[in-house]
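What follows is the content of run29.txt, which has compact mmCIF, C-alpha atoms:
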```
# COMPACT_ATOMS: atom_id res chain seq x y z
CA MET A 149 0.00 0.00 0.00
CA THR A 150 1.14 3.54 -0.64
CA SER A 151 1.38 5.64 2.47
CA PRO A 152 0.19 9.25 2.54
CA SER A 153 3.77 10.50 2.43
CA ASP A 154 4.13 9.07 -1.07
CA PHE A 155 1.89 11.79 -2.41
CA PRO A 156 2.90 15.39 -3.11
CA THR A 157 1.61 18.14 -0.83
CA PRO A 158 -1.55 19.64 -2.33
CA PRO A 159 -1.19 23.26 -3.54
CA VAL A 160 -4.58 24.07 -1.98
CA PRO A 161 -5.70 22.42 1.27
CA GLY A 162 -8.24 19.71 0.52
CA ARG A 163 -7.16 19.29 -3.07
CA LEU A 164 -7.25 15.61 -4.05
CA LEU A 165 -6.59 15.60 -7.75
CA ASP A 166 -5.14 17.75 -10.51
CA VAL A 167 -5.54 16.69 -14.11
CA GLU A 168 -3.60 19.01 -16.36
CA ASP A 169 -4.08 19.06 -20.10
CA VAL A 170 -4.22 15.28 -20.48
CA THR A 171 -4.16 13.85 -23.97
CA VAL A 172 -4.52 10.16 -24.69
CA PHE A 173 -4.33 8.21 -27.92
CA ARG A 174 -5.67 4.74 -28.52
CA GLY A 175 -3.63 3.39 -31.40
CA ASP A 176 -3.65 6.43 -33.67
CA ARG A 177 -7.09 7.61 -32.57
CA LEU A 178 -7.32 10.64 -30.33
CA VAL A 179 -9.48 9.74 -27.31
CA LEU A 180 -8.85 12.57 -24.87
CA ASP A 181 -7.81 16.00 -26.05
CA GLY A 182 -6.37 18.35 -23.45
CA VAL A 183 -8.63 17.43 -20.53
CA SER A 184 -8.07 19.47 -17.37
CA LEU A 185 -9.95 19.18 -14.11
CA THR A 186 -9.42 19.46 -10.39
CA LEU A 187 -11.12 17.73 -7.51
CA ASP A 188 -11.34 18.93 -3.91
CA ALA A 189 -12.53 17.19 -0.77
CA GLY A 190 -16.31 16.86 -0.82
CA ASP A 191 -16.60 17.10 -4.59
CA ALA A 192 -18.61 14.73 -6.71
CA MET A 193 -17.87 15.04 -10.38
CA ILE A 194 -20.04 13.39 -12.99
CA LEU A 195 -18.34 12.65 -16.27
CA THR A 196 -20.74 12.92 -19.15
CA GLY A 197 -20.42 12.51 -22.87
CA PRO A 198 -21.60 10.22 -25.65
CA ASN A 199 -20.47 6.61 -25.91
CA GLY A 200 -16.87 6.45 -26.98
CA ALA A 201 -16.10 9.95 -25.71
CA GLY A 202 -13.36 8.51 -23.50
CA LYS A 203 -15.00 8.56 -20.06
CA SER A 204 -13.59 5.19 -19.07
CA THR A 205 -10.24 6.04 -20.61
CA LEU A 206 -10.10 9.23 -18.55
CA LEU A 207 -10.84 7.28 -15.38
CA ARG A 208 -8.16 4.73 -16.22
CA THR A 209 -5.70 7.54 -16.90
CA ILE A 210 -6.51 9.25 -13.60
CA SER A 211 -6.14 5.96 -11.75
CA GLY A 212 -2.66 5.47 -13.18
CA LEU A 213 -3.50 2.25 -15.03
CA ARG A 214 -2.80 4.11 -18.22
CA ARG A 215 -0.18 6.76 -18.80
CA PRO A 216 -1.30 9.97 -20.51
CA ASP A 217 0.44 10.58 -23.82
CA SER A 218 0.88 14.19 -22.77
CA GLY A 219 -0.16 16.25 -19.75
CA GLU A 220 -0.06 15.24 -16.14
CA VAL A 221 -2.22 13.57 -13.50
CA ILE A 222 -1.29 14.50 -9.94
CA ARG A 223 -3.02 12.71 -7.09
CA TYR A 224 -2.75 13.89 -3.50
CA GLY A 225 -4.26 10.81 -1.89
CA ASP A 226 -5.14 7.15 -2.26
CA LEU A 227 -7.84 6.04 -4.62
CA ALA A 228 -10.44 3.33 -4.74
CA TRP A 229 -11.49 1.86 -8.07
CA LEU A 230 -14.76 0.51 -9.36
CA GLY A 231 -14.24 -0.69 -12.90
CA HIS A 232 -16.65 -1.79 -15.60
CA GLN A 233 -16.39 -5.37 -14.41
CA ASP A 234 -17.16 -6.49 -10.91
CA ALA A 235 -13.94 -8.52 -10.49
CA LEU A 236 -15.73 -11.22 -8.49
CA LYS A 237 -14.65 -14.84 -8.75
CA PRO A 238 -17.79 -16.93 -9.29
CA GLY A 239 -16.54 -19.84 -7.18
CA LEU A 240 -15.72 -17.81 -4.07
CA THR A 241 -18.21 -16.54 -1.54
CA LEU A 242 -18.88 -12.84 -1.20
CA ALA A 243 -16.73 -12.67 1.94
CA GLN A 244 -13.85 -14.54 0.28
CA ASN A 245 -14.09 -12.27 -2.75
CA LEU A 246 -13.78 -9.19 -0.59
CA ALA A 247 -11.15 -10.63 1.77
CA LEU A 248 -8.22 -9.10 -0.08
CA ALA A 249 -9.84 -5.65 -0.20
CA GLU A 250 -10.60 -5.93 3.52
CA LYS A 251 -6.96 -6.75 4.31
CA LEU A 252 -5.68 -3.86 2.21
CA GLY A 253 -8.28 -1.35 3.30
CA THR A 254 -9.07 0.37 6.57
CA ASN A 255 -12.84 -0.06 6.86
CA SER A 256 -14.70 -3.03 8.28
CA LEU A 257 -16.43 -5.57 6.08
CA PRO A 258 -19.64 -5.92 8.15
CA ASP A 259 -20.21 -2.15 8.03
CA ALA A 260 -19.76 -2.00 4.27
CA LEU A 261 -22.01 -5.01 3.67
CA ASP A 262 -24.64 -3.58 5.99
CA ALA A 263 -24.64 -0.21 4.24
CA LEU A 264 -25.25 -1.93 0.91
CA ASP A 265 -27.76 -4.47 2.25
CA LEU A 266 -25.53 -7.46 1.44
CA THR A 267 -25.13 -8.95 4.92
CA HIS A 268 -27.47 -11.87 4.27
CA LEU A 269 -25.47 -12.82 1.15
CA THR A 270 -22.04 -12.95 2.83
CA ASP A 271 -21.54 -16.70 2.50
CA LEU A 272 -23.15 -17.15 -0.88
CA PRO A 273 -20.92 -17.97 -3.87
CA ALA A 274 -20.70 -15.01 -6.21
CA ARG A 275 -22.04 -17.04 -9.12
CA LEU A 276 -25.43 -17.18 -7.37
CA LEU A 277 -25.69 -13.40 -7.03
CA SER A 278 -27.77 -11.32 -9.41
CA SER A 279 -26.02 -8.69 -11.51
CA GLY A 280 -27.28 -5.93 -9.22
CA GLN A 281 -26.02 -7.76 -6.14
CA LYS A 282 -22.65 -8.29 -7.82
CA ARG A 283 -22.44 -4.61 -8.63
CA ARG A 284 -23.14 -3.74 -4.98
CA ALA A 285 -20.51 -6.27 -3.88
CA ALA A 286 -17.98 -4.57 -6.13
CA PHE A 287 -19.01 -1.26 -4.63
CA ALA A 288 -18.46 -2.68 -1.14
CA ARG A 289 -14.82 -3.11 -2.14
CA VAL A 290 -14.60 0.63 -2.78
CA MET A 291 -16.04 1.32 0.67
CA LEU A 292 -13.55 -1.05 2.32
CA SER A 293 -10.52 0.77 0.96
CA GLY A 294 -10.96 3.89 3.07
CA ALA A 295 -9.33 5.91 0.28
CA PRO A 296 -10.50 9.52 -0.12
CA LEU A 297 -10.70 9.53 -3.91
CA TRP A 298 -13.26 7.24 -5.52
CA LEU A 299 -13.19 6.52 -9.25
CA LEU A 300 -16.48 4.90 -10.22
CA ASP A 301 -17.15 3.65 -13.72
CA GLU A 302 -20.91 3.20 -14.16
CA PRO A 303 -21.63 2.25 -10.54
CA THR A 304 -25.37 1.96 -11.10
CA VAL A 305 -25.41 -0.64 -13.89
CA GLY A 306 -28.00 -3.28 -13.04
CA LEU A 307 -29.14 -1.61 -9.82
CA ASP A 308 -32.78 -1.11 -8.87
CA VAL A 309 -34.15 2.19 -7.57
CA ALA A 310 -33.77 1.25 -3.88
CA SER A 311 -30.15 0.23 -4.42
CA ILE A 312 -29.38 3.46 -6.26
CA GLU A 313 -30.82 5.38 -3.28
CA ARG A 314 -28.63 3.35 -0.93
CA LEU A 315 -25.59 4.04 -3.11
CA GLY A 316 -26.46 7.74 -3.04
CA ALA A 317 -26.52 7.69 0.76
CA VAL A 318 -23.12 5.98 0.91
CA MET A 319 -21.68 8.49 -1.55
CA ALA A 320 -23.09 11.43 0.41
CA ALA A 321 -21.57 10.06 3.63
CA HIS A 322 -18.21 9.69 1.91
CA ARG A 323 -18.33 13.31 0.73
CA ALA A 324 -19.32 14.49 4.20
CA LYS A 325 -16.20 12.79 5.56
CA GLY A 326 -14.01 14.76 3.16
CA GLY A 327 -13.89 12.27 0.33
CA ALA A 328 -14.45 12.97 -3.33
CA MET A 329 -15.47 10.99 -6.36
CA ILE A 330 -15.49 11.00 -10.11
CA VAL A 331 -18.40 9.05 -11.56
CA THR A 332 -19.35 8.11 -15.09
CA THR A 333 -23.03 7.40 -15.40
CA HIS A 334 -25.95 7.53 -17.77
CA VAL A 335 -28.46 7.42 -14.92
CA PRO A 336 -29.12 10.48 -12.72
CA LEU A 337 -27.62 9.86 -9.27
CA PRO A 338 -29.28 10.99 -6.04
CA LEU A 339 -26.45 13.43 -5.23
CA ASP A 340 -26.52 17.14 -4.39
CA ASN A 341 -24.14 19.80 -5.63
CA THR A 342 -22.49 17.66 -8.23
CA ARG A 343 -20.09 19.15 -10.73
CA SER A 344 -20.13 17.78 -14.21
CA HIS A 345 -17.50 17.57 -16.84
CA GLU A 346 -18.56 16.97 -20.40
CA LEU A 347 -16.24 15.09 -22.68
CA PRO A 348 -16.85 15.87 -26.36
CA SER A 349 -16.92 13.05 -28.88
CA LEU A 350 -13.73 13.11 -30.87
CA ALA A 351 -14.89 10.63 -33.49
CA HIS A 352 -14.87 13.34 -36.15
CA VAL A 353 -11.18 14.19 -35.74
CA GLU A 354 -10.12 10.67 -36.54
CA SER A 355 -9.59 11.30 -40.25
CA PHE A 356 -7.65 14.45 -39.44
CA TRP A 357 -5.17 12.59 -37.28
CA LEU A 358 -4.80 9.78 -39.73
CA SER A 359 -3.95 12.20 -42.51
CA MET R 465 3.24 -9.31 2.81
CA THR R 466 -0.26 -10.07 4.10
CA ALA R 467 -1.65 -9.06 0.72
CA PHE R 468 0.87 -11.33 -0.98
CA LEU R 469 -0.19 -14.30 1.14
CA ALA R 470 -3.86 -13.41 0.77
CA LEU R 471 -3.43 -13.52 -3.00
CA ILE R 472 -1.84 -16.99 -2.88
CA ASP R 473 -4.56 -18.10 -0.48
CA ARG R 474 -7.24 -16.87 -2.87
CA ASP R 475 -5.68 -18.69 -5.82
CA LEU R 476 -5.41 -21.93 -3.85
CA ARG R 477 -9.06 -21.65 -2.83
CA LEU R 478 -10.01 -21.13 -6.46
CA ALA R 479 -7.91 -24.11 -7.50
CA PHE R 480 -9.57 -26.34 -4.90
CA ARG R 481 -12.99 -25.03 -5.85
CA PHE R 482 -12.41 -25.69 -9.55
CA GLY R 483 -9.96 -28.56 -9.70
CA ALA R 484 -10.32 -28.84 -13.47
CA ASP R 485 -7.14 -26.93 -14.35
CA THR R 486 -4.96 -28.84 -11.92
CA LEU R 487 -6.54 -32.13 -12.85
CA ALA R 488 -6.18 -31.44 -16.57
CA SER R 489 -2.45 -30.85 -16.39
CA LEU R 490 -2.01 -33.83 -14.07
CA LEU R 491 -3.93 -36.18 -16.36
CA PHE R 492 -2.10 -34.77 -19.36
CA PHE R 493 1.19 -35.52 -17.63
CA ILE R 494 0.27 -39.11 -16.83
CA LEU R 495 -1.35 -39.82 -20.19
CA CYS R 496 1.51 -38.25 -22.10
CA GLY R 497 4.00 -40.34 -20.14
CA SER R 498 1.95 -43.49 -20.70
CA LEU R 499 2.00 -43.01 -24.45
CA PHE R 500 5.74 -43.55 -24.69
CA PRO R 501 5.68 -47.28 -23.84
CA LEU R 502 2.99 -47.69 -26.49
CA ALA R 503 5.09 -46.00 -29.14
CA LEU R 504 8.54 -47.23 -28.14
CA GLY R 505 7.58 -50.80 -27.39
CA PRO R 506 7.56 -52.50 -24.01
CA SER R 507 11.29 -53.13 -23.67
CA PRO R 508 12.04 -52.55 -19.96
CA ASP R 509 15.66 -51.59 -20.64
CA LEU R 510 14.72 -48.97 -23.18
CA LEU R 511 11.98 -47.48 -20.99
CA ARG R 512 14.18 -47.43 -17.91
CA HIS R 513 16.81 -45.61 -19.89
CA MET R 514 14.35 -43.11 -21.35
CA GLY R 515 12.24 -42.77 -18.18
CA PRO R 516 13.77 -39.62 -16.64
CA GLY R 517 13.86 -37.88 -20.01
CA ILE R 518 10.23 -38.74 -20.70
CA ILE R 519 9.19 -37.45 -17.28
CA TRP R 520 11.07 -34.19 -17.76
CA VAL R 521 9.60 -33.48 -21.18
CA CYS R 522 6.08 -34.38 -20.04
CA ALA R 523 6.41 -32.19 -16.94
CA LEU R 524 7.57 -29.28 -19.08
CA LEU R 525 4.58 -29.64 -21.40
CA ALA R 526 2.11 -30.16 -18.55
CA CYS R 527 3.33 -26.99 -16.83
CA LEU R 528 2.39 -25.02 -19.93
CA LEU R 529 -1.27 -26.05 -19.91
CA PRO R 530 -2.71 -23.78 -17.18
CA LEU R 531 -0.46 -20.80 -18.05
CA ASP R 532 -2.93 -19.38 -20.53
CA ARG R 533 -5.50 -18.79 -17.76
CA LEU R 534 -2.97 -17.73 -15.12
CA PHE R 535 -3.42 -14.02 -15.78
CA GLY R 536 -6.04 -14.27 -18.53
CA ALA R 537 -8.88 -14.88 -16.08
CA GLU R 538 -7.74 -11.95 -13.92
CA LEU R 539 -7.59 -9.62 -16.90
CA GLU R 540 -11.01 -10.61 -18.19
CA ASP R 541 -12.96 -10.14 -14.96
CA GLY R 542 -11.27 -6.87 -14.01
CA SER R 543 -9.39 -8.28 -11.02
CA LEU R 544 -6.07 -7.37 -12.58
CA ASP R 545 -7.02 -3.67 -12.69
CA LEU R 546 -7.76 -3.80 -8.99
CA LEU R 547 -4.57 -5.69 -8.16
CA MET R 548 -2.47 -3.21 -10.11
CA LEU R 549 -4.16 -0.23 -8.43
CA THR R 550 -4.56 -1.28 -4.83
CA GLY R 551 -2.72 -4.56 -4.43
CA PRO R 552 0.94 -5.16 -3.70
CA ALA R 553 3.63 -4.09 -6.20
CA PRO R 554 3.12 -5.56 -9.70
CA ALA R 555 6.17 -7.81 -9.34
CA ALA R 556 4.76 -9.15 -6.06
CA VAL R 557 1.40 -9.82 -7.69
CA ALA R 558 3.18 -11.71 -10.46
CA PHE R 559 5.30 -13.64 -7.96
CA ALA R 560 2.23 -14.61 -5.92
CA LYS R 561 0.53 -15.92 -9.05
CA MET R 562 3.67 -17.87 -10.00
CA ALA R 563 3.89 -19.36 -6.52
CA ALA R 564 0.23 -20.36 -6.74
CA HIS R 565 0.90 -21.87 -10.16
CA TRP R 566 3.67 -24.01 -8.72
CA LEU R 567 1.56 -25.10 -5.76
CA THR R 568 -1.36 -26.07 -7.98
CA THR R 569 0.58 -27.49 -10.94
CA GLY R 570 4.24 -28.13 -10.10
CA LEU R 571 3.63 -29.84 -6.79
CA PRO R 572 0.94 -32.25 -8.08
CA LEU R 573 3.22 -33.07 -11.04
CA LEU R 574 6.01 -33.82 -8.63
CA ILE R 575 3.83 -36.27 -6.74
CA ALA R 576 2.49 -37.83 -9.93
CA SER R 577 6.00 -38.35 -11.28
CA VAL R 578 6.57 -41.04 -8.62
CA PRO R 579 4.01 -43.49 -10.05
CA LEU R 580 4.95 -42.50 -13.60
CA GLY R 581 8.63 -43.09 -12.83
CA ILE R 582 7.93 -46.48 -11.28
CA MET R 583 5.77 -47.37 -14.29
CA LEU R 584 8.64 -46.55 -16.63
CA GLY R 585 11.00 -48.65 -14.55
CA VAL R 586 13.00 -45.92 -12.84
CA LYS R 587 14.68 -47.55 -9.82
CA GLY R 588 13.56 -46.56 -6.34
CA SER R 589 17.08 -45.42 -5.52
CA GLU R 590 17.07 -43.03 -8.48
CA LEU R 591 13.70 -41.48 -7.63
CA PRO R 592 14.81 -39.02 -4.89
CA LEU R 593 17.32 -37.44 -7.25
CA LEU R 594 14.71 -37.23 -10.01
CA LEU R 595 12.24 -35.59 -7.63
CA PHE R 596 14.80 -33.15 -6.28
CA GLY R 597 15.73 -32.07 -9.79
CA LEU R 598 12.07 -31.88 -10.83
CA ALA R 599 11.23 -29.74 -7.80
CA MET R 600 13.77 -27.12 -8.87
CA GLY R 601 12.84 -27.57 -12.52
CA THR R 602 9.10 -27.08 -12.04
CA MET R 603 9.74 -24.00 -9.91
CA SER R 604 11.84 -22.51 -12.71
CA LEU R 605 9.14 -23.43 -15.21
CA SER R 606 6.45 -21.70 -13.13
CA LEU R 607 8.59 -18.57 -13.02
CA LEU R 608 9.45 -18.62 -16.73
CA GLY R 609 5.91 -19.55 -17.68
CA GLY R 610 4.40 -16.82 -15.53
CA MET R 611 6.70 -14.29 -17.15
CA ALA R 612 5.77 -15.44 -20.65
CA ALA R 613 2.06 -15.49 -19.75
CA SER R 614 2.20 -11.90 -18.56
CA ILE R 615 4.05 -10.80 -21.68
CA VAL R 616 1.51 -12.29 -24.09
CA LEU R 617 -1.37 -11.11 -21.90
CA GLY R 618 -3.92 -9.22 -23.95
CA ALA R 619 -2.29 -10.22 -27.23
CA ARG R 620 -4.50 -11.89 -29.78
CA ARG R 621 -3.70 -15.59 -30.08
CA GLY R 622 -1.61 -15.30 -26.93
CA GLY R 623 -2.20 -18.98 -26.23
CA VAL R 624 -0.37 -19.91 -29.41
CA LEU R 625 2.53 -17.59 -28.69
CA LEU R 626 2.98 -18.87 -25.16
CA PRO R 627 4.69 -22.23 -25.86
CA LEU R 628 6.85 -20.60 -28.52
CA LEU R 629 8.08 -18.18 -25.88
CA VAL R 630 8.45 -20.58 -22.95
CA LEU R 631 9.95 -23.67 -24.58
CA PRO R 632 13.18 -22.05 -25.84
CA LEU R 633 13.66 -20.34 -22.48
CA ALA R 634 13.09 -23.63 -20.70
CA THR R 635 15.78 -25.55 -22.60
CA PRO R 636 18.58 -24.97 -20.05
CA VAL R 637 16.27 -26.21 -17.29
CA LEU R 638 15.46 -29.29 -19.35
CA ILE R 639 19.10 -30.01 -20.24
CA PHE R 640 20.52 -29.70 -16.73
CA GLY R 641 17.46 -31.20 -15.07
CA ALA R 642 17.43 -34.32 -17.22
CA ALA R 643 21.21 -34.62 -16.95
CA SER R 644 20.98 -34.61 -13.16
CA SER R 645 18.29 -37.31 -13.24
CA TYR R 646 20.48 -39.58 -15.37
CA ALA R 647 23.36 -39.43 -12.91
CA GLY R 648 22.04 -42.49 -11.04
CA GLN R 649 21.81 -44.63 -14.15
CA LEU R 650 25.16 -43.57 -15.53
CA ALA R 651 26.84 -43.75 -12.12
CA THR R 652 28.19 -40.20 -12.43
CA SER R 653 27.94 -37.32 -9.97
CA PRO R 654 24.82 -35.18 -10.35
CA ALA R 655 26.49 -32.23 -8.59
CA ALA R 656 27.42 -30.22 -11.67
CA SER R 657 24.01 -30.45 -13.36
CA LEU R 658 22.21 -29.80 -10.08
CA ASP R 659 24.38 -26.72 -9.52
CA LEU R 660 23.50 -25.40 -12.95
CA LEU R 661 19.83 -26.25 -12.47
CA GLY R 662 19.91 -24.35 -9.19
CA ALA R 663 21.62 -21.47 -10.94
CA CYS R 664 18.79 -21.36 -13.48
CA LEU R 665 16.27 -21.26 -10.64
CA PHE R 666 18.08 -18.50 -8.79
CA ALA R 667 18.40 -16.46 -11.96
CA CYS R 668 14.68 -16.83 -12.62
CA LEU R 669 13.69 -16.08 -9.04
CA PRO R 670 14.32 -12.31 -9.08
CA LEU R 671 14.19 -11.66 -12.84
CA CYS R 672 10.96 -13.36 -13.89
CA PRO R 673 8.65 -11.64 -11.35
CA LEU R 674 10.16 -8.26 -12.25
CA ALA R 675 9.64 -8.82 -15.96
CA ALA R 676 6.17 -10.24 -15.35
CA GLY R 677 5.23 -7.21 -13.23
CA GLN R 678 6.07 -4.94 -16.15
CA GLY R 679 4.08 -7.20 -18.46
CA LEU R 680 1.04 -6.94 -16.20
CA LYS R 681 1.31 -3.16 -16.03
CA ALA R 682 1.47 -2.97 -19.80
CA ALA R 683 -1.51 -5.30 -20.16
CA VAL R 684 -3.90 -3.13 -18.13
CA GLY R 685 -2.71 0.18 -19.65
```

Write out the structure in this file as structure tokens.
Amino acid sequence: MTSPSDFPTPPVPGRLLDVEDVTVFRGDRLVLDGVSLTLDAGDAMILTGPNGAGKSTLLRTISGLRRPDSGEVIRYGDLAWLGHQDALKPGLTLAQNLALAEKLGTNSLPDALDALDLTHLTDLPARLLSSGQKRRAAFARVMLSGAPLWLLDEPTVGLDVASIERLGAVMAAHRAKGGAMIVTTHVPLPLDNTRSHELPSLAHVESFWLS
Amino acid sequence: MTAFLALIDRDLRLAFRFGADTLASLLFFILCGSLFPLALGPSPDLLRHMGPGIIWVCALLACLLPLDRLFGAELEDGSLDLLMLTGPAPAAVAFAKMAAHWLTTGLPLLIASVPLGIMLGVKGSELPLLLFGLAMGTMSLSLLGGMAASIVLGARRGGVLLPLLVLPLATPVLIFGAASSYAGQLATSPAASLDLLGACLFACLPLCPLAAGQGLKAAVG
């Protein structure tokens, strides 16, 4: 695990993330063109844009999985990641699936499961869970980490209305504790005071770059 | 360190839960070894002489079988993203997976090589040396194989590339390993070949996880 001292000192107190003029190519296609954004404690930023606008790519770049081709991503704290896939092994129980995240993180598993209404499923193999339950289980992993910065790629896929409400409550609590999050979603989330960042589709510049 | 052990623990649980991968390489090993008497004829002298070589080649091939899924499954279900972001260092992740590969493939092969060796007429007094060599050999193969698996990860037709990458790298292990196993039959000292086999293992031990860690990072990027 990275300790807090591994991160640079934020220029502004409470600053969690600086993305400066990030450009990313996929092959020879331009996916992100000079994206800049900042995130402070308590912020919730919704990434919007048409399919293929590079929302997931931006999240992966911010997380550090992918290096930007130009520009810089500076994080001032740990992050928790919720990817497109739930990363659950079908043969393991919910508790076994989350065991690694629990060991690495700082929050308790029962609390996280309780907040997401998963307690009664703890000992069930993940293959028996519905897609909504799996999505909540993956979200429980984010809660376990105790990291201030959450990167959530479509957290509401497959969730019913009650679950989305529950997720909204968890997110609000995280913001109240000084956390922040960047979320890609096509569904309105029950969150107040969100900021949004629109990514334009760059499909039309493809021919330009190829020439 | 706890995360490292937790990762091995998780892989072992998965292997026990779905024994198919372990069982497949084990059965492949035994079947492959049993084919030689059918093809070479039942001459006990010939089989006894070829026994250690047959076991080494079969073990090498059987080790390759589960490599394709070693990191492939992690990449497909998104676990690899998480491991790279919040888990231990990439090289440690790779090393944990290699250790799990040895525990679920190398170790069963080692045990299965006893009945296979006896079937091929390897003398009881020659077996400990064969097993000792195989133990080091399969460890090296898990390390080399894990490295190759991480390098071809995400590549199209990676499964086809994998043997082409591993087998040439594994030749020193095969040469020195088999040579050490023949020492009993030829009444020579196995020391030199065992030394070189150990050297291969100790070269692989730091280098392969490092290379594999870089491969994993490249695969998720």

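In plain terms, chain R touches chain A through Thr466, Ala467, Ala470, Leu471, Arg474, Arg477, Leu478, Arg481, Phe482, Glu538, Glu540, Asp541, Gly542, Ser543, Leu544, Asp545, Leu546, Met548, Leu549, Thr550, Gly551, Pro552, Ala553, Lys681, Ala682, Val684 and Gly685 of chain R, where touching means an atom at most 9 Å away, counting only C-alpha atoms.
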
Write the residues of the selection above to a file with C-alpha atoms, as an mmCIF file, in the coordinates of the input.
```cif
data_model
loop_
_atom_site.group_PDB
_atom_site.id
_atom_site.type_symbol
_atom_site.label_atom_id
_atom_site.label_comp_id
_atom_site.auth_asym_id
_atom_site.auth_seq_id
_atom_site.Cartn_x
_atom_site.Cartn_y
_atom_site.Cartn_z
ATOM 1 C CA THR R 466 -0.260 -10.070 4.100
ATOM 2 C CA ALA R 467 -1.650 -9.060 0.720
ATOM 3 C CA ALA R 470 -3.860 -13.410 0.770
ATOM 4 C CA LEU R 471 -3.430 -13.520 -3.000
ATOM 5 C CA ARG R 474 -7.240 -16.870 -2.870
ATOM 6 C CA ARG R 477 -9.060 -21.650 -2.830
ATOM 7 C CA LEU R 478 -10.010 -21.130 -6.460
ATOM 8 C CA ARG R 481 -12.990 -25.030 -5.850
ATOM 9 C CA PHE R 482 -12.410 -25.690 -9.550
ATOM 10 C CA GLU R 538 -7.740 -11.950 -13.920
ATOM 11 C CA GLU R 540 -11.010 -10.610 -18.190
ATOM 12 C CA ASP R 541 -12.960 -10.140 -14.960
ATOM 13 C CA GLY R 542 -11.270 -6.870 -14.010
ATOM 14 C CA SER R 543 -9.390 -8.280 -11.020
ATOM 15 C CA LEU R 544 -6.070 -7.370 -12.580
ATOM 16 C CA ASP R 545 -7.020 -3.670 -12.690
ATOM 17 C CA LEU R 546 -7.760 -3.800 -8.990
ATOM 18 C CA MET R 548 -2.470 -3.210 -10.110
ATOM 19 C CA LEU R 549 -4.160 -0.230 -8.430
ATOM 20 C CA THR R 550 -4.560 -1.280 -4.830
ATOM 21 C CA GLY R 551 -2.720 -4.560 -4.430
ATOM 22 C CA PRO R 552 0.940 -5.160 -3.700
ATOM 23 C CA ALA R 553 3.630 -4.090 -6.200
ATOM 24 C CA LYS R 681 1.310 -3.160 -16.030
ATOM 25 C CA ALA R 682 1.470 -2.970 -19.800
ATOM 26 C CA VAL R 684 -3.900 -3.130 -18.130
ATOM 27 C CA GLY R 685 -2.710 0.180 -19.650
#
```

Practice item. Counting only C-alpha atoms, figure out which residue out of R:Ala558, R:Leu593, R:Leu571, R:Leu584 gets nearest to R:Ile518. Key: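 Checking each candidate against R:Ile518, we get R:Leu584 as the closest.
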
Point to revise | Pick from R:Gly662, R:Pro554, R:Gly585, R:Pro592, whichever lies nearest to R:Ala647 using all atoms listed in the file | key: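 Residue with the minimum atom-to-atom distance to R:Ala647: R:Pro592.
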
Review point. From the list R:Pro501, R:Met562, R:Arg621, R:Ile494, which residue is nearest R:Trp520 when using all atoms listed in the file?
Key: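 Under the stated criterion, the closest residue is R:Ile494.
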
Point to revise | Atom-to-atom span, atom CA of A:Ala324 and atom CA of A:Glu220, Å | key: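 Computing the Euclidean distance for atom CA of A:Ala324 and atom CA of A:Glu220 yields 28.0 Å.
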
Review point. Quick one: distance from atom CA of A:Gly225 to atom CA of A:Ile194 in Å, one decimal?
Key: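 Spanning atom CA of A:Gly225 to atom CA of A:Ile194 is a straight-line distance of 19.5 Å.
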
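What separates atom CA of R:Ala523 from atom CA of R:Ala576 is a distance of 9.8 Å.
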
All residues 10 Å or closer to R:Leu580, only C-alpha atoms, same chain fewer than 6 positions away omitted, as a PDB file with C-alpha atoms, keeping the file's coordinate frame:
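So out20.pdb came out as:
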```pdb
ATOM      1  CA  PHE R 493       1.190 -35.520 -17.630  1.00  0.00           C
ATOM      2  CA  ILE R 494       0.270 -39.110 -16.830  1.00  0.00           C
ATOM      3  CA  LEU R 495      -1.350 -39.820 -20.190  1.00  0.00           C
ATOM      4  CA  GLY R 497       4.000 -40.340 -20.140  1.00  0.00           C
ATOM      5  CA  SER R 498       1.950 -43.490 -20.700  1.00  0.00           C
ATOM      6  CA  GLY R 515      12.240 -42.770 -18.180  1.00  0.00           C
ATOM      7  CA  PRO R 516      13.770 -39.620 -16.640  1.00  0.00           C
ATOM      8  CA  ILE R 518      10.230 -38.740 -20.700  1.00  0.00           C
ATOM      9  CA  ILE R 519       9.190 -37.450 -17.280  1.00  0.00           C
ATOM     10  CA  LEU R 573       3.220 -33.070 -11.040  1.00  0.00           C
ATOM     11  CA  VAL R 586      13.000 -45.920 -12.840  1.00  0.00           C
TER      12      VAL R 586
END
```

Write out as JSON an axis-aligned box for stretch 227-231 of chain A: all of its atoms listed in the file, 4 Å added on each side, centre and edge lengths in Å with one decimal.
```
{"center_x": -11.3, "center_y": 2.7, "center_z": -8.8, "size_x": 14.9, "size_y": 14.7, "size_z": 16.3}
```

Exercise for review: Quick one: everything within 9 Å of R:Ala656, counting only C-alpha atoms, minus sequence neighbours fewer than 4 positions away in the same chain. Send it as a list in words.
Suggested key: Phe640, Ser644, Leu660 and Leu661 of chain R

Exercise for review: Quick one: everything within 6 Å of stretch 258-263 of chain A, counting all atoms listed in the file, minus sequence neighbours fewer than 3 positions away in the same chain. Send it as a list in words.
Suggested key: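 Near stretch 258-263 of chain A, the qualifying residues are Leu266, Thr267 and Ala288 of chain A.
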
Could you write out the selected residues, including C-alpha atoms, as a CSV table (one decimal), in the coordinates of the input?
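Saved the output as part-v7.csv:
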```
chain,number,residue,atom,x,y,z
A,266,LEU,CA,-25.5,-7.5,1.4
A,267,THR,CA,-25.1,-9.0,4.9
A,288,ALA,CA,-18.5,-2.7,-1.1
```

Exercise for review: Do a neighbour search on R:Leu469 at 10 Å with only C-alpha atoms, toss out local chain neighbours closer than 6 positions, and write the hits as number ranges by chain.
Suggested key: A: 248; R: 475, 560, 564
